[in-house]
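Novice: My file is final.pdb. It has PDB, C-alpha atoms and all ligand atoms:
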ATOM      1  CA  MET A   1      -9.114 -59.274   7.295
ATOM      2  CA  ALA A   2     -12.886 -58.775   7.669
ATOM      3  CA  GLN A   3     -14.265 -55.598   6.125
ATOM      4  CA  SER A   4     -15.282 -52.742   8.399
ATOM      5  CA  ILE A   5     -18.831 -51.890   9.332
ATOM      6  CA  GLY A   6     -19.767 -48.297   8.478
ATOM      7  CA  MET A   7     -21.411 -45.927  10.958
ATOM      8  CA  ILE A   8     -22.633 -42.502   9.826
ATOM      9  CA  GLY A   9     -23.771 -40.219  12.642
ATOM     10  CA  LEU A  10     -21.609 -40.531  15.757
ATOM     11  CA  GLY A  11     -24.000 -38.911  18.245
ATOM     12  CA  ASN A  12     -25.440 -40.369  21.442
ATOM     13  CA  MET A  13     -26.730 -43.480  19.679
ATOM     14  CA  GLY A  14     -24.344 -43.899  16.756
ATOM     15  CA  LEU A  15     -21.148 -43.731  18.781
ATOM     16  CA  ALA A  16     -22.549 -46.083  21.445
ATOM     17  CA  MET A  17     -23.528 -48.627  18.746
ATOM     18  CA  ALA A  18     -20.099 -48.268  17.120
ATOM     19  CA  GLN A  19     -18.397 -48.959  20.453
ATOM     20  CA  THR A  20     -20.551 -52.041  20.987
ATOM     21  CA  LEU A  21     -19.669 -53.323  17.517
ATOM     22  CA  ARG A  22     -15.977 -52.835  18.269
ATOM     23  CA  ARG A  23     -16.284 -54.612  21.593
ATOM     24  CA  LYS A  24     -17.848 -57.553  19.745
ATOM     25  CA  GLY A  25     -14.981 -57.809  17.292
ATOM     26  CA  PHE A  26     -16.050 -55.674  14.327
ATOM     27  CA  ALA A  27     -13.839 -52.948  12.891
ATOM     28  CA  VAL A  28     -15.857 -49.740  12.431
ATOM     29  CA  ARG A  29     -15.340 -46.906   9.957
ATOM     30  CA  GLY A  30     -17.312 -43.811  10.921
ATOM     31  CA  PHE A  31     -18.249 -40.317   9.850
ATOM     32  CA  ASP A  32     -20.111 -37.374  11.389
ATOM     33  CA  LEU A  33     -20.592 -33.844  10.067
ATOM     34  CA  ASP A  34     -19.502 -32.433  13.432
ATOM     35  CA  LYS A  35     -15.745 -32.457  13.947
ATOM     36  CA  LEU A  36     -16.093 -32.887  17.721
ATOM     37  CA  ARG A  37     -18.061 -36.072  17.141
ATOM     38  CA  ARG A  38     -15.447 -37.269  14.628
ATOM     39  CA  ALA A  39     -12.812 -36.664  17.300
ATOM     40  CA  ALA A  40     -14.902 -38.614  19.823
ATOM     41  CA  GLY A  41     -15.100 -41.441  17.263
ATOM     42  CA  ALA A  42     -11.337 -41.464  16.782
ATOM     43  CA  ASP A  43     -10.843 -41.476  20.581
ATOM     44  CA  ALA A  44     -13.130 -44.526  20.745
ATOM     45  CA  GLY A  45     -10.913 -46.395  18.271
ATOM     46  CA  LEU A  46     -12.950 -45.934  15.090
ATOM     47  CA  SER A  47     -11.318 -45.368  11.749
ATOM     48  CA  VAL A  48     -12.739 -41.942  10.858
ATOM     49  CA  ALA A  49     -13.488 -41.134   7.218
ATOM     50  CA  ALA A  50     -13.359 -37.766   5.436
ATOM     51  CA  GLY A  51     -16.956 -38.027   4.207
ATOM     52  CA  PRO A  52     -19.880 -40.442   3.879
ATOM     53  CA  GLY A  53     -18.744 -41.604   0.426
ATOM     54  CA  ASP A  54     -15.483 -42.960   1.844
ATOM     55  CA  VAL A  55     -17.491 -45.023   4.327
ATOM     56  CA  PHE A  56     -19.923 -46.363   1.730
ATOM     57  CA  ALA A  57     -17.148 -47.172  -0.772
ATOM     58  CA  SER A  58     -15.227 -49.283   1.729
ATOM     59  CA  CYS A  59     -17.998 -50.910   3.824
ATOM     60  CA  PRO A  60     -20.505 -53.453   2.442
ATOM     61  CA  LEU A  61     -22.808 -52.669   5.387
ATOM     62  CA  THR A  62     -23.276 -49.199   6.881
ATOM     63  CA  LEU A  63     -25.551 -48.124   9.741
ATOM     64  CA  LEU A  64     -26.993 -44.609   9.839
ATOM     65  CA  SER A  65     -27.865 -42.831  13.110
ATOM     66  CA  LEU A  66     -28.996 -39.385  12.024
ATOM     67  CA  PRO A  67     -31.319 -36.769  13.508
ATOM     68  CA  HIS A  68     -33.963 -36.543  10.762
ATOM     69  CA  ALA A  69     -35.101 -37.673   7.303
ATOM     70  CA  ASN A  70     -33.343 -34.800   5.488
ATOM     71  CA  ALA A  71     -29.986 -35.903   6.865
ATOM     72  CA  VAL A  72     -30.749 -39.496   5.823
ATOM     73  CA  ARG A  73     -31.733 -38.309   2.369
ATOM     74  CA  SER A  74     -28.501 -36.337   1.971
ATOM     75  CA  VAL A  75     -26.220 -39.239   2.903
ATOM     76  CA  VAL A  76     -28.152 -41.732   0.768
ATOM     77  CA  GLU A  77     -28.814 -39.758  -2.415
ATOM     78  CA  GLY A  78     -26.306 -36.889  -2.144
ATOM     79  CA  ALA A  79     -23.341 -36.567  -4.505
ATOM     80  CA  ASP A  80     -21.061 -38.271  -1.936
ATOM     81  CA  GLY A  81     -23.783 -40.639  -0.745
ATOM     82  CA  PHE A  82     -24.744 -44.322  -0.713
ATOM     83  CA  LEU A  83     -26.288 -44.470  -4.204
ATOM     84  CA  ALA A  84     -23.274 -42.769  -5.785
ATOM     85  CA  ARG A  85     -20.419 -44.411  -3.877
ATOM     86  CA  ALA A  86     -21.402 -47.866  -2.555
ATOM     87  CA  GLN A  87     -20.130 -51.104  -4.147
ATOM     88  CA  PRO A  88     -22.849 -53.245  -5.813
ATOM     89  CA  GLY A  89     -24.725 -55.389  -3.297
ATOM     90  CA  SER A  90     -24.017 -53.051  -0.345
ATOM     91  CA  ILE A  91     -26.618 -52.504   2.375
ATOM     92  CA  VAL A  92     -27.464 -49.344   4.304
ATOM     93  CA  VAL A  93     -29.374 -49.809   7.574
ATOM     94  CA  ASP A  94     -31.127 -46.683   8.825
ATOM     95  CA  THR A  95     -31.430 -46.844  12.611
ATOM     96  CA  SER A  96     -32.614 -43.203  12.773
ATOM     97  CA  THR A  97     -36.227 -42.402  13.603
ATOM     98  CA  SER A  98     -37.292 -41.176  10.182
ATOM     99  CA  GLU A  99     -40.250 -40.662   7.838
ATOM    100  CA  PRO A 100     -41.780 -43.761   6.214
ATOM    101  CA  PRO A 101     -42.489 -42.162   2.784
ATOM    102  CA  VAL A 102     -38.887 -40.899   2.541
ATOM    103  CA  THR A 103     -37.604 -44.329   3.581
ATOM    104  CA  ARG A 104     -39.692 -46.111   0.945
ATOM    105  CA  ALA A 105     -38.512 -43.761  -1.825
ATOM    106  CA  LEU A 106     -34.844 -44.184  -0.841
ATOM    107  CA  ALA A 107     -35.204 -47.981  -0.578
ATOM    108  CA  ARG A 108     -36.727 -48.089  -4.080
ATOM    109  CA  ALA A 109     -33.857 -46.001  -5.462
ATOM    110  CA  ALA A 110     -31.339 -48.279  -3.711
ATOM    111  CA  ALA A 111     -32.937 -51.434  -5.157
ATOM    112  CA  ALA A 112     -32.898 -49.893  -8.651
ATOM    113  CA  ALA A 113     -29.146 -49.282  -8.229
ATOM    114  CA  GLY A 114     -28.427 -52.892  -7.178
ATOM    115  CA  LEU A 115     -28.156 -51.895  -3.496
ATOM    116  CA  ALA A 116     -30.397 -52.461  -0.455
ATOM    117  CA  MET A 117     -31.775 -50.271   2.311
ATOM    118  CA  LEU A 118     -33.408 -51.449   5.532
ATOM    119  CA  ASP A 119     -35.195 -49.219   8.026
ATOM    120  CA  ALA A 120     -34.172 -50.387  11.494
ATOM    121  CA  PRO A 121     -35.157 -47.794  14.097
ATOM    122  CA  VAL A 122     -34.310 -48.653  17.663
ATOM    123  CA  SER A 123     -35.639 -48.375  21.187
ATOM    124  CA  GLY A 124     -33.535 -48.557  24.333
ATOM    125  CA  GLY A 125     -31.529 -45.337  24.247
ATOM    126  CA  PRO A 126     -27.763 -44.835  24.499
ATOM    127  CA  ARG A 127     -27.677 -47.327  27.379
ATOM    128  CA  GLY A 128     -29.267 -50.068  25.232
ATOM    129  CA  ALA A 129     -26.883 -49.139  22.402
ATOM    130  CA  ALA A 130     -23.868 -49.367  24.730
ATOM    131  CA  GLU A 131     -25.026 -52.697  26.159
ATOM    132  CA  GLY A 132     -26.070 -54.170  22.795
ATOM    133  CA  THR A 133     -29.627 -54.682  24.072
ATOM    134  CA  LEU A 134     -31.637 -52.408  21.762
ATOM    135  CA  ALA A 135     -35.048 -53.386  20.404
ATOM    136  CA  MET A 136     -34.995 -53.012  16.611
ATOM    137  CA  MET A 137     -37.989 -52.714  14.264
ATOM    138  CA  ILE A 138     -37.150 -53.686  10.688
ATOM    139  CA  GLY A 139     -38.740 -52.684   7.416
ATOM    140  CA  GLY A 140     -37.418 -54.104   4.141
ATOM    141  CA  GLU A 141     -36.493 -57.248   2.240
ATOM    142  CA  ALA A 142     -35.877 -60.503   4.128
ATOM    143  CA  ASP A 143     -32.694 -61.360   2.203
ATOM    144  CA  ALA A 144     -31.047 -58.024   3.085
ATOM    145  CA  LEU A 145     -32.088 -58.563   6.702
ATOM    146  CA  ALA A 146     -30.552 -62.061   6.679
ATOM    147  CA  ARG A 147     -27.259 -60.609   5.408
ATOM    148  CA  ALA A 148     -27.308 -57.791   7.994
ATOM    149  CA  GLN A 149     -28.408 -60.023  10.888
ATOM    150  CA  PRO A 150     -24.951 -60.803  12.396
ATOM    151  CA  VAL A 151     -24.212 -57.083  12.721
ATOM    152  CA  LEU A 152     -27.696 -56.093  13.889
ATOM    153  CA  SER A 153     -27.674 -58.876  16.497
ATOM    154  CA  ALA A 154     -24.526 -57.352  17.975
ATOM    155  CA  VAL A 155     -26.381 -54.141  18.894
ATOM    156  CA  ALA A 156     -29.941 -55.423  19.371
ATOM    157  CA  ALA A 157     -31.298 -58.071  21.723
ATOM    158  CA  LYS A 158     -34.714 -58.083  20.052
ATOM    159  CA  ILE A 159     -35.246 -57.748  16.299
ATOM    160  CA  VAL A 160     -38.755 -57.724  14.832
ATOM    161  CA  HIS A 161     -39.183 -57.811  11.056
ATOM    162  CA  VAL A 162     -42.300 -55.647  10.925
ATOM    163  CA  GLY A 163     -42.866 -55.713   7.160
ATOM    164  CA  ALA A 164     -41.839 -54.090   3.870
ATOM    165  CA  SER A 165     -39.749 -50.932   3.570
ATOM    166  CA  GLY A 166     -41.072 -48.163   5.843
ATOM    167  CA  ALA A 167     -42.817 -50.555   8.250
ATOM    168  CA  GLY A 168     -40.017 -50.275  10.803
ATOM    169  CA  HIS A 169     -40.270 -46.497  10.799
ATOM    170  CA  VAL A 170     -44.057 -46.671  11.125
ATOM    171  CA  ALA A 171     -43.698 -48.991  14.147
ATOM    172  CA  LYS A 172     -41.166 -46.656  15.762
ATOM    173  CA  LEU A 173     -43.474 -43.628  15.387
ATOM    174  CA  VAL A 174     -46.334 -45.635  16.891
ATOM    175  CA  ASN A 175     -44.080 -46.673  19.783
ATOM    176  CA  ASN A 176     -42.844 -43.160  20.501
ATOM    177  CA  LEU A 177     -46.322 -41.653  20.273
ATOM    178  CA  LEU A 178     -47.281 -44.076  23.035
ATOM    179  CA  VAL A 179     -44.237 -43.159  25.134
ATOM    180  CA  ALA A 180     -44.946 -39.430  24.692
ATOM    181  CA  ALA A 181     -48.594 -39.908  25.717
ATOM    182  CA  ASN A 182     -47.670 -42.170  28.644
ATOM    183  CA  LEU A 183     -45.177 -39.637  30.017
ATOM    184  CA  LEU A 184     -47.900 -36.968  30.183
ATOM    185  CA  ALA A 185     -50.640 -39.259  31.471
ATOM    186  CA  THR A 186     -48.460 -41.025  34.047
ATOM    187  CA  ALA A 187     -47.036 -37.741  35.381
ATOM    188  CA  GLU A 188     -50.506 -36.244  35.774
ATOM    189  CA  ALA A 189     -51.826 -39.338  37.504
ATOM    190  CA  MET A 190     -48.775 -39.579  39.777
ATOM    191  CA  ARG A 191     -49.147 -35.911  40.736
ATOM    192  CA  LEU A 192     -52.770 -36.570  41.629
ATOM    193  CA  GLY A 193     -51.769 -39.435  43.916
ATOM    194  CA  VAL A 194     -49.000 -37.430  45.591
ATOM    195  CA  ARG A 195     -51.249 -34.369  46.073
ATOM    196  CA  ALA A 196     -53.794 -36.724  47.652
ATOM    197  CA  GLY A 197     -51.177 -37.625  50.260
ATOM    198  CA  VAL A 198     -49.509 -40.811  49.009
ATOM    199  CA  GLU A 199     -45.731 -41.250  49.175
ATOM    200  CA  PRO A 200     -44.406 -41.262  45.547
ATOM    201  CA  HIS A 201     -42.255 -44.425  45.736
ATOM    202  CA  ARG A 202     -45.098 -46.424  47.311
ATOM    203  CA  LEU A 203     -47.514 -45.067  44.718
ATOM    204  CA  LEU A 204     -45.191 -46.094  41.893
ATOM    205  CA  GLU A 205     -44.769 -49.542  43.436
ATOM    206  CA  ALA A 206     -48.543 -49.936  43.601
ATOM    207  CA  VAL A 207     -49.073 -48.862  39.983
ATOM    208  CA  ASN A 208     -46.203 -51.050  38.754
ATOM    209  CA  GLY A 209     -47.821 -54.059  40.388
ATOM    210  CA  ALA A 210     -51.158 -53.240  38.770
ATOM    211  CA  SER A 211     -52.743 -52.578  35.387
ATOM    212  CA  GLY A 212     -51.805 -48.901  35.051
ATOM    213  CA  ARG A 213     -48.119 -49.717  34.555
ATOM    214  CA  SER A 214     -46.105 -49.120  31.355
ATOM    215  CA  ALA A 215     -42.445 -48.865  30.362
ATOM    216  CA  VAL A 216     -42.756 -45.211  31.413
ATOM    217  CA  SER A 217     -43.860 -46.118  34.953
ATOM    218  CA  GLU A 218     -41.534 -49.122  35.225
ATOM    219  CA  VAL A 219     -38.374 -47.629  33.702
ATOM    220  CA  ASN A 220     -38.555 -43.852  33.112
ATOM    221  CA  PHE A 221     -40.075 -42.900  36.463
ATOM    222  CA  PRO A 222     -37.668 -44.749  38.766
ATOM    223  CA  ARG A 223     -34.547 -44.374  36.587
ATOM    224  CA  TRP A 224     -34.774 -40.777  35.372
ATOM    225  CA  ILE A 225     -37.710 -38.867  36.886
ATOM    226  CA  VAL A 226     -38.243 -39.709  40.576
ATOM    227  CA  SER A 227     -34.462 -40.139  40.919
ATOM    228  CA  GLY A 228     -33.945 -36.614  39.500
ATOM    229  CA  ALA A 229     -31.236 -37.965  37.146
ATOM    230  CA  PHE A 230     -32.761 -36.821  33.807
ATOM    231  CA  ASP A 231     -29.823 -38.286  31.896
ATOM    232  CA  SER A 232     -31.492 -40.720  29.473
ATOM    233  CA  GLY A 233     -29.599 -39.359  26.435
ATOM    234  CA  PHE A 234     -32.842 -38.689  24.502
ATOM    235  CA  THR A 235     -33.804 -35.040  24.101
ATOM    236  CA  MET A 236     -37.028 -33.019  24.115
ATOM    237  CA  ALA A 237     -36.191 -31.965  20.520
ATOM    238  CA  LEU A 238     -36.027 -35.557  19.270
ATOM    239  CA  MET A 239     -39.285 -36.541  20.994
ATOM    240  CA  ARG A 240     -41.026 -33.426  19.623
ATOM    241  CA  LYS A 241     -39.861 -34.537  16.160
ATOM    242  CA  ASP A 242     -41.290 -38.032  16.680
ATOM    243  CA  VAL A 243     -44.677 -36.838  17.993
ATOM    244  CA  GLY A 244     -44.948 -34.417  15.061
ATOM    245  CA  LEU A 245     -44.091 -37.173  12.569
ATOM    246  CA  ALA A 246     -46.643 -39.578  14.085
ATOM    247  CA  LEU A 247     -49.376 -36.943  13.813
ATOM    248  CA  LYS A 248     -48.288 -36.039  10.269
ATOM    249  CA  LEU A 249     -48.499 -39.721   9.294
ATOM    250  CA  ALA A 250     -52.005 -39.962  10.775
ATOM    251  CA  ARG A 251     -53.173 -36.873   8.885
ATOM    252  CA  GLU A 252     -51.646 -38.099   5.607
ATOM    253  CA  LEU A 253     -53.857 -41.165   6.068
ATOM    254  CA  GLY A 254     -56.950 -38.990   6.571
ATOM    255  CA  GLU A 255     -57.096 -39.734  10.306
ATOM    256  CA  ASN A 256     -57.995 -37.115  12.910
ATOM    257  CA  PRO A 257     -56.700 -38.625  16.172
ATOM    258  CA  LYS A 258     -57.788 -36.538  19.167
ATOM    259  CA  VAL A 259     -55.374 -37.908  21.774
ATOM    260  CA  ALA A 260     -52.360 -37.686  19.453
ATOM    261  CA  ALA A 261     -53.322 -34.102  18.529
ATOM    262  CA  LEU A 262     -53.439 -33.110  22.209
ATOM    263  CA  VAL A 263     -50.162 -34.906  22.913
ATOM    264  CA  ASP A 264     -48.625 -32.938  20.031
ATOM    265  CA  VAL A 265     -49.971 -29.597  21.342
ATOM    266  CA  LEU A 266     -48.486 -30.306  24.774
ATOM    267  CA  TRP A 267     -45.081 -31.470  23.517
ATOM    268  CA  GLN A 268     -44.641 -28.721  20.880
ATOM    269  CA  GLY A 269     -46.223 -26.035  23.094
ATOM    270  CA  SER A 270     -43.873 -26.619  26.037
ATOM    271  CA  VAL A 271     -40.862 -25.368  24.092
ATOM    272  CA  ASP A 272     -40.501 -22.106  26.068
ATOM    273  CA  SER A 273     -40.295 -23.847  29.445
ATOM    274  CA  LEU A 274     -38.511 -27.023  28.284
ATOM    275  CA  PRO A 275     -35.781 -26.354  25.689
ATOM    276  CA  GLY A 276     -34.933 -28.887  22.988
ATOM    277  CA  THR A 277     -31.656 -29.863  24.632
ATOM    278  CA  ASP A 278     -33.413 -30.946  27.870
ATOM    279  CA  ASP A 279     -33.837 -34.642  28.618
ATOM    280  CA  PHE A 280     -37.254 -35.757  27.320
ATOM    281  CA  ASN A 281     -38.268 -36.981  30.779
ATOM    282  CA  ARG A 282     -38.250 -33.347  31.963
ATOM    283  CA  ILE A 283     -41.803 -32.940  30.662
ATOM    284  CA  ALA A 284     -42.991 -35.503  33.228
ATOM    285  CA  GLY A 285     -40.784 -33.942  35.916
ATOM    286  CA  ALA A 286     -42.372 -30.527  35.319
ATOM    287  CA  ILE A 287     -45.892 -31.951  35.583
ATOM    288  CA  LEU A 288     -45.004 -33.932  38.690
ATOM    289  CA  ASP A 289     -43.289 -31.005  40.466
ATOM    290  CA  ARG A 290     -45.259 -27.992  39.275
ATOM    291  CA  GLY A 291     -48.375 -29.373  37.617
ATOM    292  CA  SER A 292     -47.446 -27.226  34.620
ATOM    293  CA  ILE A 293     -45.404 -27.273  31.435
ATOM    294  CA  GLY A 294     -45.854 -23.554  30.864
ATOM    295  CA  LEU A 295     -49.046 -23.661  28.809
ATOM    296  CA  ASP A 296     -51.541 -22.503  31.460
TER     297      ASP A 296
HETATM  298  P1  LIG B 301     -27.594 -36.996  18.174
HETATM  299  O1  LIG B 301     -28.038 -35.624  17.808
HETATM  300  O2  LIG B 301     -26.826 -37.221  19.445
HETATM  301  O3  LIG B 301     -26.683 -37.598  16.981
HETATM  302  C1  LIG B 301     -26.933 -37.373  15.609
HETATM  303  C2  LIG B 301     -25.567 -37.145  14.950
HETATM  304  O4  LIG B 301     -25.750 -37.054  13.535
HETATM  305  C3  LIG B 301     -24.900 -35.833  15.389
HETATM  306  O5  LIG B 301     -23.622 -36.114  15.909
HETATM  307  C4  LIG B 301     -24.833 -35.010  14.097
HETATM  308  O6  LIG B 301     -23.679 -34.201  14.019
HETATM  309  C5  LIG B 301     -24.828 -36.095  13.049
HETATM  310  N1  LIG B 301     -25.266 -35.660  11.724
HETATM  311  C6  LIG B 301     -26.324 -34.864  11.416
HETATM  312  N2  LIG B 301     -26.433 -34.749  10.083
HETATM  313  C7  LIG B 301     -25.423 -35.484   9.541
HETATM  314  C8  LIG B 301     -25.028 -35.791   8.203
HETATM  315  N3  LIG B 301     -25.700 -35.291   7.157
HETATM  316  N4  LIG B 301     -23.962 -36.583   8.029
HETATM  317  C9  LIG B 301     -23.278 -37.100   9.083
HETATM  318  N5  LIG B 301     -23.606 -36.858  10.375
HETATM  319  C10 LIG B 301     -24.679 -36.069  10.590
HETATM  320  O7  LIG B 301     -28.889 -37.906  18.128
HETATM  321  P2  LIG B 301     -29.106 -39.347  18.801
HETATM  322  O8  LIG B 301     -29.727 -39.166  20.138
HETATM  323  O9  LIG B 301     -27.851 -40.150  18.643
HETATM  324  O10 LIG B 301     -30.229 -39.926  17.824
HETATM  325  C11 LIG B 301     -29.948 -40.385  16.525
HETATM  326  C12 LIG B 301     -31.209 -40.974  15.908
HETATM  327  O11 LIG B 301     -31.647 -42.078  16.723
HETATM  328  C13 LIG B 301     -32.394 -39.982  15.867
HETATM  329  O12 LIG B 301     -33.127 -40.206  14.692
HETATM  330  C14 LIG B 301     -33.187 -40.333  17.106
HETATM  331  O13 LIG B 301     -34.557 -39.982  16.968
HETATM  332  C15 LIG B 301     -32.982 -41.821  17.174
HETATM  333  N6  LIG B 301     -33.095 -42.406  18.531
HETATM  334  C16 LIG B 301     -32.489 -41.815  19.606
HETATM  335  C17 LIG B 301     -32.606 -42.411  20.863
HETATM  336  C18 LIG B 301     -31.976 -41.805  22.091
HETATM  337  O14 LIG B 301     -32.333 -42.235  23.209
HETATM  338  N7  LIG B 301     -31.072 -40.837  21.967
HETATM  339  C19 LIG B 301     -33.324 -43.606  21.013
HETATM  340  C20 LIG B 301     -33.888 -44.190  19.899
HETATM  341  C21 LIG B 301     -33.772 -43.585  18.656
END
Show this structure as structure tokens.
Specialist:
Amino acid sequence: MAQSIGMIGLGNMGLAMAQTLRRKGFAVRGFDLDKLRRAAGADAGLSVAAGPGDVFASCPLTLLSLPHANAVRSVVEGADGFLARAQPGSIVVDTSTSEPPVTRALARAAAAAGLAMLDAPVSGGPRGAAEGTLAMMIGGEADALARAQPVLSAVAAKIVHVGASGAGHVAKLVNNLLVAANLLATAEAMRLGVRAGVEPHRLLEAVNGASGRSAVSEVNFPRWIVSGAFDSGFTMALMRKDVGLALKLARELGENPKVAALVDVLWQGSVDSLPGTDDFNRIAGAILDRGSIGLD
């Protein structure tokens, strides 16, 4: 019988990816710190492990879907982690949005232990994970990617090998900085058009047929903002993390980006009016409806 694929972190993304893998014929062994998420995993037909070490010891390939770099660090280099428990030649694929310097250090430690680590952050949300249509940005060695490809192709429709270890996480931070900026800019511009008397759906149609369009105007606005659904599965807290990490990366490189700094002020500063558990599209909804995110 084929060996199971490991999945550590059974949240919005991890559980959806695990379900897609199962649908495509893979057995999945999963773990989450939260017992409710472990129960959700068991309900979805996963074999649920007692800890990350059990997953790593029994799965030659394990995906991580964790909230931040510290969680990734703990399951890779902790006492019950990948470095301590995995069989020689095993691969860990970090689909979390994480910090490039942490990723590079963990990948070096993995290589020194005869293991491999790829960074493989994703775009497309829980819906893309459930449909197996994520976009994946890879950092790491080509031979590890070739070995992981059949599994990654089951969850991702587009896979770009961006470069060496950390490059995938850099690309993801660049992507999300753009999304965060576009949400603010598009909402402000849309509010202007509506205040000037134009019907919102017609305005959106005009922009989406012209050069001001973006994924935010083409997907987020109709699907989650103008519709009032706000159920993308990606939270304000996670986007605040990503904007902060992008700005941190810029400053570590000696850059002083003005737009990114303002985007960061607006995302971090809106915390009193838009709690971390809110859908991340709420920031655009607040601008569109009220012209304010509570910072005036
Ligand atoms: P989530 O909070 O729903 O899930 C994270 C899960 O990790 C939680 O269930 C949590 O209990 C678990 N966890 C935390 N620390 C752990 C540990 N040490 N060991 C085991 N489990 C642990 O988050 P999510 O929305 O699924 O996002 C996961 C990652 O994917 C994040 O890095 C996020 O930035 C990224 N991402 C999310 C989306 C999205 O639309 N939700 C899209 C692209 C990328």
Novice: Restricting the calculation to only C-alpha atoms and all ligand atoms: of A:Ser74, A:Thr277, A:Ser292, A:Asn208, which residue gets closest to ligand LIG 301 (chain B)?
Specialist: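 Closest candidate: A:Ser74.
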Novice: How many Å separate atom N6 of ligand LIG 301 (chain B) from CA of Pro121 in chain A?
Specialist: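 It comes out at 7.3 Å.
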Novice: Could the residues that lie within 9 Å of ligand LIG 301 (chain B), counting all atoms listed in the file, be listed as a PyMOL selection string?
Specialist: chain A and resi 8-16+31-38+51-52+64-75+94-98+121-129+134+172+232-235+237-239+241-242
Novice: Could you take the residues named above and write them with C-alpha atoms, as a PDB file, keeping the file's coordinate frame?
Specialist:
ATOM      1  CA  ILE A   8     -22.633 -42.502   9.826  1.00  0.00           C
ATOM      2  CA  GLY A   9     -23.771 -40.219  12.642  1.00  0.00           C
ATOM      3  CA  LEU A  10     -21.609 -40.531  15.757  1.00  0.00           C
ATOM      4  CA  GLY A  11     -24.000 -38.911  18.245  1.00  0.00           C
ATOM      5  CA  ASN A  12     -25.440 -40.369  21.442  1.00  0.00           C
ATOM      6  CA  MET A  13     -26.730 -43.480  19.679  1.00  0.00           C
ATOM      7  CA  GLY A  14     -24.344 -43.899  16.756  1.00  0.00           C
ATOM      8  CA  LEU A  15     -21.148 -43.731  18.781  1.00  0.00           C
ATOM      9  CA  ALA A  16     -22.549 -46.083  21.445  1.00  0.00           C
ATOM     10  CA  PHE A  31     -18.249 -40.317   9.850  1.00  0.00           C
ATOM     11  CA  ASP A  32     -20.111 -37.374  11.389  1.00  0.00           C
ATOM     12  CA  LEU A  33     -20.592 -33.844  10.067  1.00  0.00           C
ATOM     13  CA  ASP A  34     -19.502 -32.433  13.432  1.00  0.00           C
ATOM     14  CA  LYS A  35     -15.745 -32.457  13.947  1.00  0.00           C
ATOM     15  CA  LEU A  36     -16.093 -32.887  17.721  1.00  0.00           C
ATOM     16  CA  ARG A  37     -18.061 -36.072  17.141  1.00  0.00           C
ATOM     17  CA  ARG A  38     -15.447 -37.269  14.628  1.00  0.00           C
ATOM     18  CA  GLY A  51     -16.956 -38.027   4.207  1.00  0.00           C
ATOM     19  CA  PRO A  52     -19.880 -40.442   3.879  1.00  0.00           C
ATOM     20  CA  LEU A  64     -26.993 -44.609   9.839  1.00  0.00           C
ATOM     21  CA  SER A  65     -27.865 -42.831  13.110  1.00  0.00           C
ATOM     22  CA  LEU A  66     -28.996 -39.385  12.024  1.00  0.00           C
ATOM     23  CA  PRO A  67     -31.319 -36.769  13.508  1.00  0.00           C
ATOM     24  CA  HIS A  68     -33.963 -36.543  10.762  1.00  0.00           C
ATOM     25  CA  ALA A  69     -35.101 -37.673   7.303  1.00  0.00           C
ATOM     26  CA  ASN A  70     -33.343 -34.800   5.488  1.00  0.00           C
ATOM     27  CA  ALA A  71     -29.986 -35.903   6.865  1.00  0.00           C
ATOM     28  CA  VAL A  72     -30.749 -39.496   5.823  1.00  0.00           C
ATOM     29  CA  ARG A  73     -31.733 -38.309   2.369  1.00  0.00           C
ATOM     30  CA  SER A  74     -28.501 -36.337   1.971  1.00  0.00           C
ATOM     31  CA  VAL A  75     -26.220 -39.239   2.903  1.00  0.00           C
ATOM     32  CA  ASP A  94     -31.127 -46.683   8.825  1.00  0.00           C
ATOM     33  CA  THR A  95     -31.430 -46.844  12.611  1.00  0.00           C
ATOM     34  CA  SER A  96     -32.614 -43.203  12.773  1.00  0.00           C
ATOM     35  CA  THR A  97     -36.227 -42.402  13.603  1.00  0.00           C
ATOM     36  CA  SER A  98     -37.292 -41.176  10.182  1.00  0.00           C
ATOM     37  CA  PRO A 121     -35.157 -47.794  14.097  1.00  0.00           C
ATOM     38  CA  VAL A 122     -34.310 -48.653  17.663  1.00  0.00           C
ATOM     39  CA  SER A 123     -35.639 -48.375  21.187  1.00  0.00           C
ATOM     40  CA  GLY A 124     -33.535 -48.557  24.333  1.00  0.00           C
ATOM     41  CA  GLY A 125     -31.529 -45.337  24.247  1.00  0.00           C
ATOM     42  CA  PRO A 126     -27.763 -44.835  24.499  1.00  0.00           C
ATOM     43  CA  ARG A 127     -27.677 -47.327  27.379  1.00  0.00           C
ATOM     44  CA  GLY A 128     -29.267 -50.068  25.232  1.00  0.00           C
ATOM     45  CA  ALA A 129     -26.883 -49.139  22.402  1.00  0.00           C
ATOM     46  CA  LEU A 134     -31.637 -52.408  21.762  1.00  0.00           C
ATOM     47  CA  LYS A 172     -41.166 -46.656  15.762  1.00  0.00           C
ATOM     48  CA  SER A 232     -31.492 -40.720  29.473  1.00  0.00           C
ATOM     49  CA  GLY A 233     -29.599 -39.359  26.435  1.00  0.00           C
ATOM     50  CA  PHE A 234     -32.842 -38.689  24.502  1.00  0.00           C
ATOM     51  CA  THR A 235     -33.804 -35.040  24.101  1.00  0.00           C
ATOM     52  CA  ALA A 237     -36.191 -31.965  20.520  1.00  0.00           C
ATOM     53  CA  LEU A 238     -36.027 -35.557  19.270  1.00  0.00           C
ATOM     54  CA  MET A 239     -39.285 -36.541  20.994  1.00  0.00           C
ATOM     55  CA  LYS A 241     -39.861 -34.537  16.160  1.00  0.00           C
ATOM     56  CA  ASP A 242     -41.290 -38.032  16.680  1.00  0.00           C
TER      57      ASP A 242
END
Novice: Calculate how many Å separate CA of Glu188 in chain A from CA of Ala284 in chain A, rounding to one decimal.
Specialist: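 So the answer is 8.0 Å.
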